[in-house]
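Structure, as structure tokens:
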There are 2 protein chains.
Amino acid sequence: MSESWTLNAAEILPPKDFQAAAVASGIKPSGLDVALLYSTRPCWGASVFTTNAVKAAPVVVSQRHLLESRGALQAMIVNSGNANACTGEPGMIAARAMAEATARTLSIPMQQVLVCSTGVIGVPLPAERITGKLDDLKQGLSSEGLGAAARAILTTDTRPKVCTAETSIDGRPVRIAGMTKGAGMIHPQMATTLGFVLTDAAIGPALLREALAQANRRSYNRISVDGDTSTNDTLAVMANGGSGMPAIQPHSSALELFVEGLTRVCQSLAQQVVRDGEGARKFVTIRVTGAPSEEDAAQIARSIANSPLVKTALAGEDANWGRIICAAGYAGVPFDSSRVSISLGDLVVCREGGAVDFEENRASEILRQQDIDLTVHLHAGSSDATFWTCDLTIEYIRINADYRT
Amino acid sequence: MSESWTLNAAEILPPKDFQAAAVASGIKPSGLDVALLYSTRPCWGASVFTTNAVKAAPVVVSQRHLLESRGALQAMIVNSGNANACTGEPGMIAARAMAEATARTLSIPMQQVLVCSTGVIGVPLPAERITGKLDDLKQGLSSEGLGAAARAILTTDTRPKVCTAETSIDGRPVRIAGMTKGAGMIHPQMATTLGFVLTDAAIGPALLREALAQANRRSYNRISVDGDTSTNDTLAVMANGGSGMPAIQPHSSALELFVEGLTRVCQSLAQQVVRDGEGARKFVTIRVTGAPSEEDAAQIARSIANSPLVKTALAGEDANWGRIICAAGYAGVPFDSSRVSISLGDLVVCREGGAVDFEENRASEILRQQDIDLTVHLHAGSSDATFWTCDLTIEYIRINADYRT
């Protein structure tokens, strides 16, 4: 077994026995807007969905399908340009029509199709534009189609977001390949985050669900744009065993390795979402360390990452540690503030909960960088968590205030 | 007993046997920065404090005093310009020195003094500037001094915020008078909300605590500026019985009347904080109705009030109901989105969770107003809650990004 994964965040390379295709259906004014992802062999799947009480129709349909198929999943059909959210019963009919047409065209059970939509909320989805393109999509399926699919799922993103991880397990090359969309802070009606990961690793549905939950917890659940959770958020994985490796067993080192690879792919994708936040100029890594538990650390990091006051200070390149310790304080996790230290890069700006006479020039130099590391040490334990966020700029307000009109 | 209260949100009129004074101590570069509030007769008090894990020294000292005095409280000493937060043991010594000097000067027990500070975080407080002014403050005490005190507690506020409610109980005129500070969304190191309420009603400490908790829950806990909770937030009340009315009894109509008056005063003060949010151009009343419980309604209203996407849409005068229903959805309260309706003023923009073909001109007209009413009806019960917030503007970012430097 190899030691670890080689990560390529510039390309999406096809795992064995996966194919994809993309078309322009006219739901968007121009460009690719429908993607089909397909495993040419029987395949397991798992997915995590938005926790928003307002769930878009495709989310409801996909959740039901995965339940009914007990994790068998052979295709994903995705459209951009219309979220099919807040669209009532016609929206449910449209989501089912997308799945049904995909299943019929590929000769697989409807329950083995995942449906996703992203785009504007509250506008009826003309499903016939998608179903009418399914023959074209099937014709277009190829192992080279992943790049086009990664472009077709975008909305206001400025670039495709992809990642491939490779390793070998028992002498067999294994790939995990992912694509994602999410325009970060901007155009929030379209700020849905979708992520799709394909792997030729061999892993059953129960372990795959568990692996995805773990990966998601340390990737998509650790990014903050503006704290708004969309009606459509979906992160799904398909595993078809095409690599020929033996099936991953519970409590095995192969499972650990797989979780590591899946986590790294999801982290890379999630970070690309933060970096592409329109209006955002800074990529900020917030590490909370010395915490009693990873959950406590993550909760404090999330509170800092979501604070408008911290985010505007970062936009202003201002070493305002008072806002950071204040945001940590209202995370809902008790801690002794007189033990806390805070660093920007390697510069300590707060020690034992109080001011440090740091060099302002050095702080400015650090804050002028595009990538900023912010560390909060609680001195209260040995756990830590990392969070990724961006700054809050005038551009964010400008674009969001003017969006719909 | 009179039916209800007469509210005056332009003036602070002294309840019987209360005095106040204010001085300029030099903590702020210029202007009044220390206020003393004093009851000339024995008096009960109650206070709610910030829930932030990082508590400023005066908060720690004041909490201890109220506990030790079992609710006896005869004076409040308040400074602006320095929050005495994140200042370590020297900060505790400074807060105690303020209380000690006040107690000595007024010849009352130290435990009957409440201490509050607001201003910049992490800078040592020169307590001697305050203690050195206590003789002047004592000399200046008068029933006419409340207006000056209301000015002395301000930081970046653009105007004093005061309110007086009057009624008569058993033929005795009774007053509840309050002052508050809070610059809303801007200058967050100074965004602490302080509120001080004085009344000549006769009410014991247990009922007073309960009345304040109820009033706070429907006033200061129902406003949102940017969701950041400061290290210093304090809302305190003193009741000295100077009106001569008989003491309020549990479960009495007099208690109900008092809670109503206290709530209305606190609501007026809290709303003045929202209106004074620098950068804010809109005053938005969010009413969630048809909820299973008031708590559910308040939680959903809070989620909408805190959403940067909703707040930027309001700044942009954009009838973007998708953002509103989405923010309601991630409040953590389950509801059936297909029953939800949303109105701006009297214009329905979403019905049964979906789009309504409303007149854009009418929506623009409503959104151009400075005061906007936004109603979300869940059709899931008979409880409701009201929240007050403001819009999120470019000005907010501009001022916050540039603050410390």
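Chain labels follow the order of the structure tokens: the first chain is A, the next B, and so on; residue numbering restarts at 1 in every chain, and ligands are counted from 1 in their shown order.
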Would you mind aligning chain B to chain A, a least-squares fit over all C-alpha atoms taken in order, and returning the superposed chain as a tab-separated table (two decimals) with C-alpha atoms, in the first residue's frame?
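This is the output file selection10.tsv:
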chain	number	residue	atom	x	y	z
B	1	MET	CA	0.02	-0.04	0.08
B	2	SER	CA	1.28	3.44	-0.77
B	3	GLU	CA	1.81	5.95	1.97
B	4	SER	CA	-0.35	8.79	0.75
B	5	TRP	CA	-1.92	10.73	-2.06
B	6	THR	CA	-0.59	12.89	-4.87
B	7	LEU	CA	-2.85	15.88	-5.27
B	8	ASN	CA	-3.45	17.78	-8.52
B	9	ALA	CA	-5.68	20.80	-8.01
B	10	ALA	CA	-5.50	21.95	-11.64
B	11	GLU	CA	-7.05	19.00	-13.46
B	12	ILE	CA	-9.84	16.49	-13.14
B	13	LEU	CA	-8.61	13.11	-14.41
B	14	PRO	CA	-11.16	10.35	-14.89
B	15	PRO	CA	-11.21	7.45	-12.43
B	16	LYS	CA	-11.75	4.11	-14.22
B	17	ASP	CA	-15.15	3.39	-15.74
B	18	PHE	CA	-16.54	6.91	-15.26
B	19	GLN	CA	-17.81	9.05	-18.10
B	20	ALA	CA	-19.25	12.52	-18.37
B	21	ALA	CA	-20.83	14.90	-20.84
B	22	ALA	CA	-22.15	18.44	-20.90
B	23	VAL	CA	-24.52	20.41	-23.13
B	24	ALA	CA	-26.04	23.87	-23.47
B	25	SER	CA	-29.80	23.54	-22.95
B	26	GLY	CA	-30.71	27.21	-22.95
B	27	ILE	CA	-31.55	27.44	-19.25
B	28	LYS	CA	-28.62	29.79	-18.95
B	29	PRO	CA	-28.60	32.55	-21.59
B	30	SER	CA	-25.48	30.97	-23.04
B	31	GLY	CA	-22.94	28.25	-22.42
B	32	LEU	CA	-22.94	24.77	-20.96
B	33	ASP	CA	-25.61	24.32	-18.31
B	34	VAL	CA	-26.32	20.60	-17.98
B	35	ALA	CA	-23.84	17.94	-16.89
B	36	LEU	CA	-24.23	14.17	-16.77
B	37	LEU	CA	-21.88	12.03	-14.68
B	38	TYR	CA	-22.08	8.29	-15.21
B	39	SER	CA	-20.43	5.11	-14.01
B	40	THR	CA	-20.35	2.47	-16.74
B	41	ARG	CA	-20.52	-0.22	-14.06
B	42	PRO	CA	-22.69	-0.68	-10.97
B	43	CYS	CA	-21.68	1.85	-8.39
B	44	TRP	CA	-22.30	2.97	-4.81
B	45	GLY	CA	-23.01	6.53	-3.79
B	46	ALA	CA	-23.39	8.75	-0.75
B	47	SER	CA	-24.35	12.37	-0.33
B	48	VAL	CA	-24.72	15.09	2.26
B	49	PHE	CA	-27.37	17.72	1.68
B	50	THR	CA	-28.20	21.20	2.95
B	51	THR	CA	-29.49	21.42	6.51
B	52	ASN	CA	-31.74	24.30	5.47
B	53	ALA	CA	-35.41	23.71	6.37
B	54	VAL	CA	-36.21	25.06	2.91
B	55	LYS	CA	-34.94	22.33	0.60
B	56	ALA	CA	-35.02	22.62	-3.16
B	57	ALA	CA	-37.00	19.95	-5.04
B	58	PRO	CA	-33.89	18.14	-6.39
B	59	VAL	CA	-32.57	17.79	-2.83
B	60	VAL	CA	-35.83	16.16	-1.70
B	61	VAL	CA	-35.87	13.84	-4.72
B	62	SER	CA	-32.18	12.87	-4.39
B	63	GLN	CA	-32.46	12.15	-0.66
B	64	ARG	CA	-35.38	9.83	-1.37
B	65	HIS	CA	-33.54	8.07	-4.21
B	66	LEU	CA	-30.45	7.29	-2.14
B	67	LEU	CA	-32.67	5.95	0.64
B	68	GLU	CA	-34.72	3.78	-1.72
B	69	SER	CA	-31.72	2.44	-3.65
B	70	ARG	CA	-29.85	1.73	-0.37
B	71	GLY	CA	-26.86	3.60	-1.72
B	72	ALA	CA	-26.75	2.25	-5.27
B	73	LEU	CA	-26.04	5.26	-7.50
B	74	GLN	CA	-24.96	5.16	-11.11
B	75	ALA	CA	-25.59	8.64	-12.54
B	76	MET	CA	-25.87	12.29	-11.59
B	77	ILE	CA	-27.73	14.87	-13.66
B	78	VAL	CA	-26.99	18.50	-12.82
B	79	ASN	CA	-28.22	21.78	-14.23
B	80	SER	CA	-27.08	25.33	-13.56
B	81	GLY	CA	-28.99	28.57	-14.14
B	82	ASN	CA	-32.10	27.58	-12.16
B	83	ALA	CA	-32.11	26.20	-8.59
B	84	ASN	CA	-35.58	24.64	-8.81
B	85	ALA	CA	-36.10	25.91	-5.23
B	86	CYS	CA	-39.34	27.41	-3.85
B	87	THR	CA	-41.09	26.12	-6.94
B	88	GLY	CA	-43.80	24.01	-5.25
B	89	GLU	CA	-45.27	20.84	-6.74
B	90	PRO	CA	-44.29	21.78	-10.33
B	91	GLY	CA	-40.70	21.87	-9.07
B	92	MET	CA	-41.00	18.33	-7.68
B	93	ILE	CA	-42.42	17.15	-10.99
B	94	ALA	CA	-39.53	18.81	-12.85
B	95	ALA	CA	-36.89	17.20	-10.61
B	96	ARG	CA	-38.49	13.78	-10.99
B	97	ALA	CA	-38.69	14.27	-14.77
B	98	MET	CA	-34.93	14.94	-14.90
B	99	ALA	CA	-34.20	11.74	-12.97
B	100	GLU	CA	-36.72	9.69	-14.91
B	101	ALA	CA	-35.41	10.75	-18.33
B	102	THR	CA	-31.82	10.13	-17.23
B	103	ALA	CA	-32.69	6.64	-15.95
B	104	ARG	CA	-34.60	5.76	-19.11
B	105	THR	CA	-31.83	6.98	-21.40
B	106	LEU	CA	-29.12	5.09	-19.51
B	107	SER	CA	-31.33	2.02	-18.80
B	108	ILE	CA	-30.78	2.18	-15.06
B	109	PRO	CA	-33.30	2.39	-12.19
B	110	MET	CA	-34.58	5.92	-11.50
B	111	GLN	CA	-33.56	5.55	-7.81
B	112	GLN	CA	-29.93	5.31	-8.93
B	113	VAL	CA	-29.97	8.85	-10.33
B	114	LEU	CA	-29.03	11.89	-8.27
B	115	VAL	CA	-30.53	15.22	-9.38
B	116	CYS	CA	-29.00	18.63	-8.63
B	117	SER	CA	-29.87	22.16	-9.64
B	118	THR	CA	-28.27	25.51	-8.93
B	119	GLY	CA	-29.17	29.02	-9.96
B	120	VAL	CA	-31.99	31.45	-9.35
B	121	ILE	CA	-34.64	30.66	-6.69
B	122	GLY	CA	-38.40	30.78	-7.19
B	123	VAL	CA	-38.48	30.51	-10.99
B	124	PRO	CA	-40.14	27.43	-12.58
B	125	LEU	CA	-37.57	25.04	-14.09
B	126	PRO	CA	-38.27	24.16	-17.74
B	127	ALA	CA	-37.33	20.48	-17.29
B	128	GLU	CA	-38.14	19.69	-20.91
B	129	ARG	CA	-35.06	21.63	-21.99
B	130	ILE	CA	-32.98	19.16	-19.99
B	131	THR	CA	-34.88	15.97	-20.78
B	132	GLY	CA	-34.78	16.94	-24.46
B	133	LYS	CA	-31.00	16.89	-24.34
B	134	LEU	CA	-30.51	13.50	-22.73
B	135	ASP	CA	-29.89	11.64	-25.98
B	136	ASP	CA	-27.21	14.21	-26.85
B	137	LEU	CA	-25.72	13.79	-23.40
B	138	LYS	CA	-25.66	10.02	-23.72
B	139	GLN	CA	-24.00	10.32	-27.14
B	140	GLY	CA	-21.41	12.65	-25.68
B	141	LEU	CA	-20.47	10.48	-22.70
B	142	SER	CA	-16.73	9.85	-22.51
B	143	SER	CA	-13.99	9.59	-19.96
B	144	GLU	CA	-12.71	12.91	-21.34
B	145	GLY	CA	-15.95	14.72	-20.50
B	146	LEU	CA	-15.26	15.62	-16.87
B	147	GLY	CA	-13.69	18.97	-17.69
B	148	ALA	CA	-16.74	20.09	-19.66
B	149	ALA	CA	-19.02	18.86	-16.86
B	150	ALA	CA	-17.02	20.89	-14.35
B	151	ARG	CA	-17.70	23.99	-16.46
B	152	ALA	CA	-21.39	23.21	-16.94
B	153	ILE	CA	-22.19	23.25	-13.20
B	154	LEU	CA	-20.86	26.79	-12.67
B	155	THR	CA	-23.05	29.85	-12.12
B	156	THR	CA	-21.25	33.03	-11.13
B	157	ASP	CA	-17.96	31.26	-10.52
B	158	THR	CA	-15.08	32.86	-12.37
B	159	ARG	CA	-13.37	29.53	-13.05
B	160	PRO	CA	-13.88	25.76	-12.86
B	161	LYS	CA	-12.85	24.11	-9.60
B	162	VAL	CA	-11.43	20.62	-9.87
B	163	CYS	CA	-9.05	18.30	-8.11
B	164	THR	CA	-7.59	14.82	-8.61
B	165	ALA	CA	-5.89	12.66	-6.01
B	166	GLU	CA	-3.96	9.55	-6.92
B	167	THR	CA	-2.39	6.72	-5.00
B	168	SER	CA	-2.01	3.00	-5.31
B	169	ILE	CA	-3.58	0.43	-3.09
B	170	ASP	CA	-2.39	-3.18	-3.22
B	171	GLY	CA	-0.54	-2.33	-6.42
B	172	ARG	CA	-3.62	-0.88	-8.13
B	173	PRO	CA	-3.71	2.80	-9.13
B	174	VAL	CA	-6.68	4.49	-7.47
B	175	ARG	CA	-8.11	7.89	-8.27
B	176	ILE	CA	-10.43	10.30	-6.47
B	177	ALA	CA	-11.54	13.13	-8.75
B	178	GLY	CA	-13.80	16.03	-7.81
B	179	MET	CA	-15.47	19.10	-9.21
B	180	THR	CA	-17.30	21.85	-7.35
B	181	LYS	CA	-19.10	25.11	-7.85
B	182	GLY	CA	-19.82	28.00	-5.52
B	183	ALA	CA	-19.27	31.65	-6.14
B	184	GLY	CA	-18.42	32.34	-2.56
B	185	MET	CA	-19.86	35.44	-1.08
B	186	ILE	CA	-21.52	36.86	-4.10
B	187	HIS	CA	-24.76	36.30	-5.95
B	188	PRO	CA	-26.21	34.37	-3.08
B	189	GLN	CA	-29.33	33.21	-4.87
B	190	MET	CA	-26.75	31.33	-6.86
B	191	ALA	CA	-24.35	30.73	-4.02
B	192	THR	CA	-25.29	27.10	-3.69
B	193	THR	CA	-22.31	24.89	-3.16
B	194	LEU	CA	-22.35	21.70	-5.19
B	195	GLY	CA	-19.56	19.15	-5.04
B	196	PHE	CA	-19.26	15.89	-6.98
B	197	VAL	CA	-16.55	13.35	-6.32
B	198	LEU	CA	-15.91	10.21	-8.36
B	199	THR	CA	-13.60	7.39	-7.36
B	200	ASP	CA	-12.66	3.97	-8.66
B	201	ALA	CA	-11.88	2.81	-5.15
B	202	ALA	CA	-13.91	-0.20	-3.98
B	203	ILE	CA	-15.97	0.69	-0.94
B	204	GLY	CA	-19.49	-0.25	0.14
B	205	PRO	CA	-22.28	2.22	0.84
B	206	ALA	CA	-22.10	2.28	4.65
B	207	LEU	CA	-18.37	2.95	4.77
B	208	LEU	CA	-18.68	5.41	1.89
B	209	ARG	CA	-21.33	7.40	3.81
B	210	GLU	CA	-19.11	7.44	6.88
B	211	ALA	CA	-16.05	8.47	4.84
B	212	LEU	CA	-17.97	11.30	3.18
B	213	ALA	CA	-19.31	12.55	6.51
B	214	GLN	CA	-15.78	12.67	7.89
B	215	ALA	CA	-14.37	14.39	4.79
B	216	ASN	CA	-17.24	16.89	4.68
B	217	ARG	CA	-16.83	17.76	8.36
B	218	ARG	CA	-13.24	18.89	7.73
B	219	SER	CA	-13.74	20.55	4.34
B	220	TYR	CA	-17.06	22.03	3.21
B	221	ASN	CA	-18.18	22.38	6.83
B	222	ARG	CA	-15.04	24.35	7.55
B	223	ILE	CA	-15.49	27.14	5.04
B	224	SER	CA	-17.45	30.30	5.52
B	225	VAL	CA	-18.38	32.85	2.97
B	226	ASP	CA	-21.17	34.83	4.59
B	227	GLY	CA	-22.75	32.19	6.82
B	228	ASP	CA	-25.80	31.80	4.58
B	229	THR	CA	-26.66	28.12	3.93
B	230	SER	CA	-28.39	27.58	0.62
B	231	THR	CA	-31.51	25.59	-0.21
B	232	ASN	CA	-29.56	23.36	-2.63
B	233	ASP	CA	-26.17	22.54	-1.09
B	234	THR	CA	-25.13	19.02	-2.04
B	235	LEU	CA	-21.88	17.08	-1.79
B	236	ALA	CA	-22.08	13.65	-3.41
B	237	VAL	CA	-19.61	10.86	-4.06
B	238	MET	CA	-19.74	7.80	-6.34
B	239	ALA	CA	-17.42	4.80	-5.90
B	240	ASN	CA	-17.44	2.09	-8.57
B	241	GLY	CA	-14.53	-0.18	-7.69
B	242	GLY	CA	-13.14	0.16	-11.23
B	243	SER	CA	-9.55	0.19	-9.95
B	244	GLY	CA	-9.78	-3.51	-9.22
B	245	MET	CA	-8.53	-3.06	-5.66
B	246	PRO	CA	-10.09	-5.31	-3.01
B	247	ALA	CA	-13.09	-3.81	-1.21
B	248	ILE	CA	-12.20	-1.55	1.70
B	249	GLN	CA	-12.94	-3.15	5.08
B	250	PRO	CA	-14.06	-1.45	8.29
B	251	HIS	CA	-11.28	-0.34	10.66
B	252	SER	CA	-8.64	-1.01	7.99
B	253	SER	CA	-5.63	1.08	7.03
B	254	ALA	CA	-7.11	1.16	3.50
B	255	LEU	CA	-10.18	2.91	4.94
B	256	GLU	CA	-7.97	5.42	6.73
B	257	LEU	CA	-6.10	6.05	3.50
B	258	PHE	CA	-9.34	6.49	1.55
B	259	VAL	CA	-10.77	8.92	4.11
B	260	GLU	CA	-7.53	10.89	3.94
B	261	GLY	CA	-7.70	11.12	0.15
B	262	LEU	CA	-11.38	12.02	0.10
B	263	THR	CA	-10.80	14.67	2.76
B	264	ARG	CA	-7.90	16.21	0.86
B	265	VAL	CA	-9.91	16.34	-2.37
B	266	CYS	CA	-12.89	17.93	-0.57
B	267	GLN	CA	-10.61	20.40	1.22
B	268	SER	CA	-9.03	21.45	-2.05
B	269	LEU	CA	-12.45	21.92	-3.66
B	270	ALA	CA	-13.84	23.82	-0.66
B	271	GLN	CA	-10.82	26.10	-0.54
B	272	GLN	CA	-11.24	26.85	-4.24
B	273	VAL	CA	-14.79	28.01	-3.46
B	274	VAL	CA	-13.49	30.45	-0.84
B	275	ARG	CA	-10.77	31.74	-3.16
B	276	ASP	CA	-13.33	32.41	-5.89
B	277	GLY	CA	-15.63	34.45	-3.65
B	278	GLU	CA	-16.24	37.49	-5.83
B	279	GLY	CA	-15.48	40.60	-3.89
B	280	ALA	CA	-13.08	38.61	-1.74
B	281	ARG	CA	-9.44	39.65	-1.93
B	282	LYS	CA	-7.99	37.61	0.92
B	283	PHE	CA	-7.86	33.89	1.60
B	284	VAL	CA	-7.77	33.48	5.36
B	285	THR	CA	-6.83	30.30	7.21
B	286	ILE	CA	-8.11	30.38	10.79
B	287	ARG	CA	-6.55	27.83	13.10
B	288	VAL	CA	-7.85	27.44	16.64
B	289	THR	CA	-5.52	25.33	18.74
B	290	GLY	CA	-5.06	24.29	22.37
B	291	ALA	CA	-8.79	23.55	22.65
B	292	PRO	CA	-10.45	20.91	24.85
B	293	SER	CA	-11.95	19.23	21.76
B	294	GLU	CA	-11.94	19.53	17.98
B	295	GLU	CA	-15.64	20.48	18.10
B	296	ASP	CA	-14.91	23.37	20.48
B	297	ALA	CA	-12.03	24.50	18.27
B	298	ALA	CA	-14.19	24.32	15.13
B	299	GLN	CA	-17.04	26.25	16.77
B	300	ILE	CA	-14.72	29.07	17.83
B	301	ALA	CA	-13.05	29.13	14.40
B	302	ARG	CA	-16.48	29.29	12.74
B	303	SER	CA	-17.52	32.22	14.93
B	304	ILE	CA	-14.38	34.16	13.97
B	305	ALA	CA	-14.78	33.20	10.29
B	306	ASN	CA	-18.37	34.48	10.24
B	307	SER	CA	-17.82	37.75	12.10
B	308	PRO	CA	-18.46	40.73	9.81
B	309	LEU	CA	-16.21	42.76	12.08
B	310	VAL	CA	-13.26	40.40	11.72
B	311	LYS	CA	-13.85	40.11	7.97
B	312	THR	CA	-13.99	43.87	7.42
B	313	ALA	CA	-10.84	44.32	9.53
B	314	LEU	CA	-9.09	41.81	7.25
B	315	ALA	CA	-10.35	43.69	4.19
B	316	GLY	CA	-8.89	46.83	5.75
B	317	GLU	CA	-5.59	45.02	6.53
B	318	ASP	CA	-6.08	46.01	10.15
B	319	ALA	CA	-4.46	43.95	12.97
B	320	ASN	CA	-7.59	44.30	15.10
B	321	TRP	CA	-7.16	41.39	17.53
B	322	GLY	CA	-9.90	42.78	19.83
B	323	ARG	CA	-12.48	41.80	17.24
B	324	ILE	CA	-10.97	38.33	16.94
B	325	ILE	CA	-11.02	37.57	20.67
B	326	CYS	CA	-14.50	39.08	20.93
B	327	ALA	CA	-15.83	36.82	18.14
B	328	ALA	CA	-14.15	33.83	19.79
B	329	GLY	CA	-15.91	34.80	23.00
B	330	TYR	CA	-19.43	34.66	21.61
B	331	ALA	CA	-18.97	31.26	19.95
B	332	GLY	CA	-20.86	29.64	22.80
B	333	VAL	CA	-17.82	27.73	24.05
B	334	PRO	CA	-16.56	28.70	27.51
B	335	PHE	CA	-12.84	29.43	27.81
B	336	ASP	CA	-10.50	31.45	29.97
B	337	SER	CA	-9.73	34.57	27.96
B	338	SER	CA	-6.73	35.41	30.13
B	339	ARG	CA	-4.85	32.44	28.60
B	340	VAL	CA	-5.58	33.23	24.95
B	341	SER	CA	-2.89	34.21	22.48
B	342	ILE	CA	-3.47	35.34	18.89
B	343	SER	CA	-1.01	35.41	16.01
B	344	LEU	CA	-1.12	36.82	12.48
B	345	GLY	CA	1.29	34.68	10.54
B	346	ASP	CA	4.20	34.30	12.98
B	347	LEU	CA	3.54	37.65	14.68
B	348	VAL	CA	1.97	37.43	18.16
B	349	VAL	CA	-0.53	40.30	18.54
B	350	CYS	CA	-2.27	39.20	21.76
B	351	ARG	CA	-0.85	37.24	24.69
B	352	GLU	CA	-2.63	36.09	27.87
B	353	GLY	CA	-5.79	37.77	26.60
B	354	GLY	CA	-4.20	41.20	26.44
B	355	ALA	CA	-2.31	43.56	24.19
B	356	VAL	CA	1.23	42.88	22.99
B	357	ASP	CA	3.46	45.70	21.85
B	358	PHE	CA	3.94	44.33	18.34
B	359	GLU	CA	5.56	46.02	15.38
B	360	GLU	CA	2.82	47.62	13.27
B	361	ASN	CA	5.01	47.53	10.16
B	362	ARG	CA	5.44	43.79	10.44
B	363	ALA	CA	1.66	43.37	10.93
B	364	SER	CA	0.93	45.47	7.85
B	365	GLU	CA	3.36	43.43	5.82
B	366	ILE	CA	1.58	40.20	6.84
B	367	LEU	CA	-1.89	41.63	6.26
B	368	ARG	CA	-0.99	42.96	2.81
B	369	GLN	CA	-0.51	39.37	1.61
B	370	GLN	CA	-3.33	37.65	-0.25
B	371	ASP	CA	-3.08	34.58	2.00
B	372	ILE	CA	-3.31	35.25	5.72
B	373	ASP	CA	-2.88	32.76	8.56
B	374	LEU	CA	-4.62	33.61	11.79
B	375	THR	CA	-4.00	31.43	14.86
B	376	VAL	CA	-5.90	31.53	18.14
B	377	HIS	CA	-4.33	29.46	20.94
B	378	LEU	CA	-6.66	28.79	23.87
B	379	HIS	CA	-4.06	27.01	26.06
B	380	ALA	CA	-6.90	24.82	27.31
B	381	GLY	CA	-6.25	21.42	25.73
B	382	SER	CA	-4.59	19.68	22.81
B	383	SER	CA	-7.21	19.73	20.05
B	384	ASP	CA	-7.37	22.01	17.05
B	385	ALA	CA	-9.43	22.82	13.98
B	386	THR	CA	-8.82	24.77	10.80
B	387	PHE	CA	-11.34	26.96	8.98
B	388	TRP	CA	-11.06	28.85	5.70
B	389	THR	CA	-12.74	32.15	4.99
B	390	CYS	CA	-12.32	35.36	3.02
B	391	ASP	CA	-12.53	39.06	3.77
B	392	LEU	CA	-15.68	41.18	3.52
B	393	THR	CA	-15.23	43.95	0.99
B	394	ILE	CA	-17.15	46.87	-0.44
B	395	GLU	CA	-17.35	44.85	-3.64
B	396	TYR	CA	-19.43	42.23	-1.80
B	397	ILE	CA	-22.03	44.80	-0.81
B	398	ARG	CA	-22.02	46.43	-4.21
B	399	ILE	CA	-22.69	43.24	-6.11
B	400	ASN	CA	-25.16	41.77	-3.64
B	401	ALA	CA	-27.17	44.94	-3.27
B	402	ASP	CA	-27.58	45.20	-7.03
B	403	TYR	CA	-28.10	41.58	-7.83
B	404	ARG	CA	-31.76	40.91	-8.56
B	405	THR	CA	-32.68	44.21	-10.16
Enumerate the residues of segment 41-105 of chain B with a DSSP assignment of strand (DSSP E or B), computed from the backbone, and present them as a PyMOL selection string. chain B and resi 44-49+72+75-82
